[in-house]
Every structure is written in structure tokens, then in C-alpha cells.
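What follows is a short report on a single structure.
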Amino acid sequence: MDFRFTPEQEAFREEFISWLEENLPDDWDPSRYRNYDSSEELARAHKDLQRRLFEAGYAGLHYPKEYDGQGRTLMEEVIVLQTITSTCAELRMPGVITFGMAAPVILICGSEEQKREFLPKTLDGTHIWCQGFSEPNAGSDVANVSTRAVKKNGHYIVNGQKTWTSFAHIADYCILLVRTDPDAKKHKGLSYLLMDMKLPGIEVRPITQITGEQEFNELYMEDVRVPAAMLLGKEGDGWRIAITTLMFERVIGDVTMAAVYQRNIERMIQMASQSKRSGKAVIEDPIFRQQLAQAYIEVMVLKYHGLRNLSQQLQGDIPGPEGSIGKLLWSEPNQRITEAALGMQGPGSQIMGGSPWSVQDGFWQFSFLRSKGSTIEAGTSEIQRNIIGERVLGLPKDISRAVRIQ
Amino acid sequence: MDIRLNEDQIEIARQARRFCENESPMEYVRAMFEDERGFTDDVWRKMVDMGWTALRIPEAYGGLDMDLMDLAVILEEMGRAMVPGPFFSNVLLAAEAVMEAGTEPQKERYLSRIATGETIGTLALHESDGGADPGYVQMGARPVGNGFVLNGTKLFVPDAHVADFLVCAARTESGEDPAEGITLFLVDPKAEGVSVSLLPTMDGTRKLCAVEFKDADVSADGVLGEPNKGWKPLSRVLRRAQVGLCAECIGGAQRAMEIATEYAKVRVQFDQPIGTFQAVKHRCAQIYVEVESARSILYWAAWAQDHGDIEEAALAASVAKAYCSEVYRNATASAIQVLGGTGFSWEHDIHLYLKRAQANEVALGDPAYHREQVAQLIAG
């Protein structure tokens with residue numbers, strides 16, 4: 001067993017850290033957790049950084065060279081992502097679906113033409129992807145998708161509505177889950193399309209979320225003509241591919257989230273060192289110290305569990321249902337961590353960013369509210385525990401679902 | 001980076017599983033729970049024959065010179081089977097203390113005999129307030145002539161009633177830094193002025209004792225290592241022992257999870273297995289999440305003791321001890337809830353796990369203590 005990077009990996013990390021310092025946007029302010037007011041500006045900055053990463057050979061490190069990747073290992077990719085997320089998590093945000101789901105699923109399930117068409121333009125920052133899975137009546141029950149795609153004259157004619165489509169307003173393409181066979185059993189009638197967001201008939205309406213921001217959208221499709229060549233895998237394979245997509249999202253995610261939270265713990269220590277409650281420094285308060293340590297412990301759990309999974313995947317293991325652990329390990333502790341941070345601020349925790357009395361630019365207020373979404377998105381905590389209970393521990397499915405699946 | 005057990009460790013685990021199933025089935029555990037001595041010579045001898053008491057001891061003293069990680073693999077299996085007896089006290093406390101602090105003649109004398117199973121030792125550290133910090137070592141040792149005289153009481157001393165020697169931490173100097181002025185003594189528990197009594201503890205599978213010293217004489221060669229400098233080597237011993245306890249905790253928690261899950265599959269209520277209900281299913285899933293997470297932290301902590309620098313070793317040991325011991329306690333409590341009335345009975349084995357979990361949680365620093373250690377290391 002070895003928890004260290006090799007000297008070569010360590011050197012690579014050092015080299016990348018200095019490269020990143022040099023290549024951050026000119027107006028980047030590291031003391032702010034948000035540098036961009038509009039998502040369009042953020043998308044431009046993201047694409048610009050991605051293009052520079054690509055040109056410098058830091059994009060798609062573990063992707064094959066024939067698709068403009070670097071042909072190296074997942075380890076180098078993780079080193080790059082850890083560094084980016086702990087330095088400038090904001091710039092990484094618009095790429096979460098692109099690199100967490102779209103690119104890996106195209107690499108694994110795409111045809112040769114699809115790989116050649118999409119992977120280079122994804123790696124070089126030309127395309128941002130969004131994810132069209134959820135619908136008003138297909139939340140946790142994702143397979144209940146009712147968006148229809150009917151094949152006609154070399155095209156799929158798509159009609160329906162998606163919701164909670166992250167980044168749809170800035171996305172160039174969408175990984176879209178549609179129903180191609182309404183007569184087949186629920187899970188069997190689904191297919192997976194790669195949809196150009198500029199096609200006629202697509203309408204994107206932003207959803208204002210709990211934080212006041214607009215990260216997600218409703219996506220309406222009326223007679224959208226998606227070329228048949230944009231089908232990923234085979235017709236009816238949509239569910240299997242969707243599950244694969246979700247599992248990939250989890251692997252790199254755990255390790256990079258740990259890097260984000262480790263940075264947040266540093267913020268928390270800084271805040272506690274500078275604030276007083278009832279005349280005493282917060283950092284000396286024994287209850288706060290317990291909470292701080294517990295937060296750190298949970299971040300270490302996420303980090304080392306993530307690295308252990310990564311290590312298994314480097315040996316060629318395909319991610320399985322155990323990946324649900326990681327989802328729980330990054331979503332639930334973050335709620336406790338942000339609650340503890342607000343707790344430290346007392347009545348000051350009511351002040352959002354933008355006031356002379358704001359604490360750390362309102363970072364914790366935003367994070368507290370945003371964390372409420374993390375136990376819902378990408379499979380709720382309840383769904384994760386169902387997956388573990390049924391697919392890992394072998395407990396019986398509940399009767400209503402067991403009957404419907406038959 | 002490679003965070004997987006190697007082939008040798010997987011084989012060690014397999015052998016340990018087989019050994020524990022054959023030699024320490026629950027009937028044995030239950031008998032020893034009630035038994036005052038707490039183990040049989042027969043099982044002890046077989047354990048020695050497996051090489052377990054020699055595993056960590058350097059080759060020069062007849063040992064196998066292996067890593068803590070290798071021992072952790074065995075401890076996980078021992079925790080799973082709740083193997084009773086003084087293995088932990090002897091191997092992780094006494095032997096490690098001699099290895100860390102002992103002079104060459106002391107190592108010669110004790111280590112080879114620990115390796116062969118001829119002698120059993122333990123560590124007398126805690127006192128009535130039960131803290132794990134050097135400041136809590138208050139029992140005094142007064143220099144008299146060439147030796148010392150010990151007076152005071154040590155509590156929660158594991159397996160002292162069967163020990164051939166004790167490593168006892170006592171204060172020989174008091175100053176500003178509580179870590180200075182602690183001396184480790186090698187004490188014969190049968191010597192004059194030393195009395196050992198069993199404490200009526202909740203967990204009967206690891207006996208705890210009170211050791212009282214009344215004008216007990218220790219000669220100069222009974223000082224383990226250097227006088228007044230005992231805390232530094234002892235802190236290294238404690239970190240490894242904390243990690244060892246974590247391995248036990250994970251083995252026990254894993255078993256509690258299996259017991260709960262197996263029961264949830266077969267126990268029928270409202271015409272269906274109770275594992276169908278999400279209230280039960282999610283409980284089992286949560287134990288699984290925590291056990292696997294704890295195992296990842298254990299690997300880091302064991303690796304950090306073997307290969308990390310002192311800061312990482314200290315941080316990892318405290319992170320692991322706080323986390324893994326709570327995971328074990330949660331797992332057993334949750335399993336009892338899944339088992340319902342059955343889990344509340346003396347007849348079912350789960351209460352033995354609950355009791356060991358409770359004991360491990362407070363041994364060698366409770367979670368609150370270790371969280372404070374973590375806070376000091378990350379925030380000062």
C-alpha cells in the first residue's frame with residue numbers, strides 16, 4: 001500500500017500548479033469565491049481556461065491520443081482536477097457535466113464517428129454540455145421519462161420537457177434521455193441522444209434556485225429534429241447508458257470534492273481565528289473546535305475513500321454500485337460543515353454577501369443554501385441508500401417497485 | 001499510489017479468518033466473557049504458533065519485523081470474531097513500549113519472550129480521570145537510593161490480572177510541560193506493594209483491572225529507557241495502538257452489519273422481509289457506508305504510522321480513532337434496532353459487539369479527546 005504520489009507525479013503536480021498560477025484570468029481575484037456575475041461571463045472564462053489547458057497538454061490527460069487526449073493515466077487527470085478545484089473551483093463549475101458525464105460516456109459508449117466528432121471539441125473547450133435526464137415526473141424515478149423521440153426520415157423528432165437541466169443556458173450540446181419505444185417496459189424503451197442546443201424548437205427557461213442564482217433550467221423541446229447519427233449506443237439502451245453515466249460522475253467527483261472542502265476547512269479556520277463571540281475568540285471555543293475537527297474528519301473520509309476507489313479503478317475496475325457511498329460522503333457532510341460555519345457566525349449568519357458586515361463575502365450563506373441541493377441532485381440520498389441496500393447488500397426491492405419492474 | 005491490500009496481506013487475512021472461526025467461535029467468546037482469566041492456554045498457544053505475537057518484533061529478537069498494516073489485517077479479523085484474551089495488551093501496548101523505549105538488554109530480555117509467547121505484558125497508563133494526555137499522568141514515583149518507590153492507582157489497565165510484567169507510566173518530575181518528567185517502569189505485578197484487581201466491566205471479552213501501588217520498589221534497571229523521557233516513545237506506541245483498535249472496530253462493525261443484513265432478509269413482518277422496508281434497508285445501507293469509509297481511513301492511518309512523518313501519523317491516528325470507534329458504536333446500535341427484541345436478548349451475540357464497541361470507543365482517548373487533538377493539529 002502506498003498513499004504517496006510517485007516522484008514523477010509529484011513533479012507533474014508542481015509543474016501544473018505553477019502553470020495554473022500563470023494562466024488564471026487576468027482579473028481573477030482569489031479572495032472571492034465568485035468572480036463572475038453572469039453565467040455567460042463565467043462560461044466564457046471557463047472555455048478560455050479549458051482552451052489554454054488543452055493547448056498546454058493538461059486537458060483530457062487520461063483520454064486516448066487519437067481523440068486529442070494525452071494518453072496518460074487517470075492519476076494525472078485527478079492531479080490536475082484537484083489543483084484546479086482547490087485553486088479556482090468556480091472556473092471548473094460549467095465543465096462539471098461536460099467532463100464528469102458527457103465526455104466519459106461518449107468515450108465508452110460512442111461510435112468511432114461520435115468520438116472523433118465530439119471528444120476533441122469537448123477537450124479543447126469548444127463545447128459545454130448539459131444533462132437532460134430529469135423531468136417534472138421523472139425525478140428519483142428517472143426511468144419514468146416521457147419525452148418522446150420518434151424516428152422519421154433519418155431524424156429523431158423530439159417532443160417533451162426536461163427540468164433541472166444544469167447549464168442548459170450556456171450549453172452547446174445536451175446528453176438527452178428520451179423514450180423511443182412507448183410500448184416496451186419502462187426501462188427498456190429509453191434511448192440516449194446527443195442533441196445540439198442550437199437546433200430549432202428548443203427553448204431554455206432558467207429556474208431561480210434557493211440561492212437566488214440560476215444554475216438550472218427547464219428545457220422545452222417541440223419537434224426538434226435530432227439527426228439519427230446522434231443516437232448514442234443502440235435504441236433501447238438508454239437506461240443502461242444513463243446508469244453508466246451516473247457512475248462515472250461519482251468517481252473523479254469524490255476526490256475533487258474533497259479538494260474543495262479541504263479549502264473550505266481552511267476558510268473556516270481563518271474565519272474562526274478572526275471572529276469573536278461573547279468576547280472570546282471562536283477558535284478557542286471547545287464546541288466549535290469539536291465541530292471543526294469533525295468537519296475535517298469527514299473531509300478526510302471523503303478524500304481517502306475517494307483515493308481508494310480511484311486506486312481500484314486505476315487497476316481497471318469498472319465503477320459499480322459501491323460508488324453510491326461517495327455521493328453520500330460528499331453531499332451530507334457538506335450540509336453539516338456549512339451549518340457549523342453559520343453557527344459560528346450567530347446573528348451575523350443572516351448577512352449575505354455584499355455588505356461591509358458580510359463574513360467572507362457571504363461564502364457560507366451561499367454554500368449553506370447550495371448544499372441543500374447536493375443531497376437531491378445526481379440521485380437523492382434515499383436513492384443512494386436504496387442502491388446500496390439492494391445492489392450491494394442484496395436486500396429485497398420494495399414491493400411496489402418489484403411489481404412494476406416485472 | 002496504490003491503496004489496496006497486497007497479496008500477502010490478503011492471505012494473512014484469509015488465514016486469520018479461518019483461525020478465528022475455528023479457534024474462537026462465539027461459544028468460546030461467551031465462555032471467556034464469563035471466565036475470570038478470560039482466555040485458555042490452548043488458544044493462546046495456537047495464536048503464538050500462527051506467529052502473531054512475533055509479527056511486529058524485529059528479527060534480531062526472533063520476530064518477523066512486519067508493518068502495522070500487516071497486523072491491522074489480523075486485528076480486523078480478531079475484532080470480527082471478538083477474540084478474547086491479552087493479545088492487544090501484550091502485542092500493541094507492552095511489546096511496542098519495549099520496542100520504542102527499551103534499552104538493548106531490556107529488548108533482549110522481553111521481546112524475544114513476547115515473540116515466543118512465554119511472557120505477557122500490558123500497559124498501566126490511565127488513572128481515575130481517564131484522560132489520554134500526558135498531563136493526566138499524576139501517579140508519582142519517588143527516587144530512593146538507586147531505584148524508585150511507586151505510590152498511587154492505575155485504572156483501566158487491560159489484562160493486568162494475567163500479565164507477567166507491566167509497563168507503568170509515572171511522574172518523576174513536574175514542570176511546565178506535562179510531557180516532560182514521565183518515566184516508564186517495568187513492574188512485576190506480583191511484587192510487594194502491587195495489587196491487581198479485576199474491574200466489573202461491561203465488556204467481558206477484554207478484562208480491565210485496577211492496579212494499586214503502595215510503596216512498591218522498582219530498582220534502577222526497572223526504568224524502561226530513559227528516566228523523565230517516557231512520553232515521547234509512549235506517544236508513538238499509543239498512536240499505533242489507537243490505529244490497532246480502529247482495525248478491531250472495523251472488523252466488529254462489519255460483522256454487526258452482516259448480522260443486521262442477514263436478519264433483514266429473513267425476518268418476515270407484514271408478510272414481507274423487513275429488509276424490504278426503506279426504514280430498515282437504509283439503516284443497513286448506512287452501516288455499510290460507514291464501515292467502508294472507516295476502512296479507507298484505517299488504511300491511511302496504518303500507512304501513516306508505518307511510512308508517514310510524525311505530524312501525519314498523529315493526525316491520521318486521531319482522525320481514525322475518533323471516526324472508526326464511533327462507526328463501530330453506531331453499527332452495533334443500529335444492528336440491535338434492526339434485530340428488534342431479538343437484539344435486546346442475552347442469547348443473541350450482538351450485545352457482545354455493542355459492549356466491545358463501547359469499550360473501544362473510550363479506550364486510548366475517546367472521540368472528543370481525539371477531535372480536540374485534530375483541532376490542535378489543523379488550527380493550533
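Labeling convention for the C-alpha cells: chains A, B, ... as they appear, residues from 1 per chain, ligands from 1 in order of appearance.
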With 7 Å as the cut-off and only C-alpha atoms counted, what is the closest atom pair between each nearby residue of chain A and chain B? Distances in Å to one decimal, ordered by chain and number, as a tab-separated table.
```
residue	atom	partner	partner_atom	distance
A:Met1	CA	B:Ile3	CA	5.1
A:Asp2	CA	B:Met1	CA	5.1
A:Phe3	CA	B:Met1	CA	5.0
A:Arg4	CA	B:Met1	CA	5.3
A:Phe5	CA	B:Met1	CA	5.5
A:Ile269	CA	B:Ala379	CA	6.3
A:Arg289	CA	B:Ala375	CA	5.9
A:Gln290	CA	B:Arg371	CA	5.8
A:Leu292	CA	B:Ala375	CA	6.8
A:Ala293	CA	B:Ala375	CA	5.2
A:Gln294	CA	B:Arg371	CA	6.6
A:Ile297	CA	B:Val319	CA	5.6
A:Val301	CA	B:Ile297	CA	6.0
A:Tyr304	CA	B:Ser296	CA	5.7
A:His305	CA	B:Ser296	CA	5.1
A:Arg308	CA	B:Ile3	CA	5.2
A:Ser311	CA	B:Asp2	CA	5.5
A:Ile325	CA	B:Val289	CA	5.6
A:Arg385	CA	B:His282	CA	5.4
A:Asn386	CA	B:His282	CA	6.8
A:Ile388	CA	B:Ala285	CA	5.6
A:Gly389	CA	B:Ala285	CA	5.0
A:Leu395	CA	B:Gly275	CA	5.6
A:Pro396	CA	B:Thr276	CA	5.1
A:Lys397	CA	B:Thr276	CA	5.7
A:Asp398	CA	B:Thr276	CA	4.8
```
In segment 178-320 of chain A, what's strand (DSSP E or B) per DSSP? Answer as a PyMOL selection string?
-> chain A and resi 178-179+190-196+202-207+216-227+231-232+276-277+280-281
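Proximity to His169 of chain A was assessed for A:Met101, A:Val142, A:Leu42, A:Leu314 counting only C-alpha atoms; the smallest distance is recorded for A:Leu42.
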Per DSSP on the backbone, what are the helix (DSSP H, G or I) residues of segment 63-122 of chain B, as JSON, numbers by chain?
-> {"B": [68, 69, 70, 71, 72, 73, 74, 75, 76, 77, 78, 79, 80, 81, 87, 88, 89, 90, 91, 92, 93, 94, 95, 96, 97, 98, 99, 100, 101, 104, 105, 106, 107, 108, 109, 110, 111, 112, 113, 114, 115]}
Separation of atom CA of Leu92 of chain B and atom CA of Val237 of chain B, in Å?
-> 7.5 Å
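The shell of residues at most 9 Å from Gly132 of chain A, with only C-alpha atoms counted and near chain neighbours (fewer than 3 positions) removed, consists of A:Glu135, A:Lys162, A:Thr163, A:Trp164, A:Thr165, A:Ser166, A:Ala168, A:Cys174, A:Ile175, A:Leu176, A:Leu177, A:Val178, A:Leu219.
Residue nearest Tyr136 of chain B within the list B:Ala60, B:Ile182, B:Val98, B:Ile120: B:Ile182 [criterion: smallest interatomic distance, only C-alpha atoms].
Between atom CA of Ala341 of chain A and atom CA of Tyr296 of chain A lies a distance of 12.5 Å.
Counting from atom CA of Asp49 of chain B, the distance to atom CA of Pro158 of chain B is 23.0 Å.
Residues surrounding Ile376 of chain A within 12 Å are Ser134, Gly139, Ser140, Trp164, Lys327, Leu328, Ser331, Glu332, Gln335, Arg370, Ser371, Ser381, Glu382, Ile383 and Gln384 of chain A [only C-alpha atoms; sequence separation below 5 positions excluded].
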Using only C-alpha atoms, find the one residue out of B:Arg56, B:Arg356, B:Arg18, B:Arg45 that sits nearest to Met202 of chain B.
-> B:Arg356
Polymer residues at most 6 Å from Leu184 of chain B, only C-alpha atoms, same-chain spacing of 5 or more positions, as a ChimeraX atom specification | /B:168-169,224,230
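Those residues that approach segment 239-242 of chain B to within 8 Å, counting only C-alpha atoms, are B:Leu68, B:Leu92, B:Leu93, B:Ala302, B:Gln305, B:Ala313, B:Ala314, B:Ala317, B:Ser318, B:Lys321, B:Leu364; same-chain residues fewer than 6 positions away are not listed.
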What's the 8 Å shell around Leu123 of chain A, counting only C-alpha atoms, without same-chain residues fewer than 5 positions away, as a list in words?
-> Gln50, Arg51, Phe54, Ala59, Gly60, Asp68 and Gly69 of chain A
Residues as selected, C-alpha atoms, written as a JSON list (two decimals), in the first residue's frame, can you do that?
```
[["chain", "number", "residue", "atom", "x", "y", "z"],
["A", 50, "GLN", "CA", -10.11, 24.98, -20.94],
["A", 51, "ARG", "CA", -8.58, 26.04, -24.28],
["A", 54, "PHE", "CA", -5.77, 21.92, -23.90],
["A", 59, "ALA", "CA", -6.75, 18.57, -20.90],
["A", 60, "GLY", "CA", -8.11, 15.04, -21.11],
["A", 68, "ASP", "CA", -6.76, 14.64, -28.78],
["A", 69, "GLY", "CA", -6.29, 13.40, -25.22]]
```
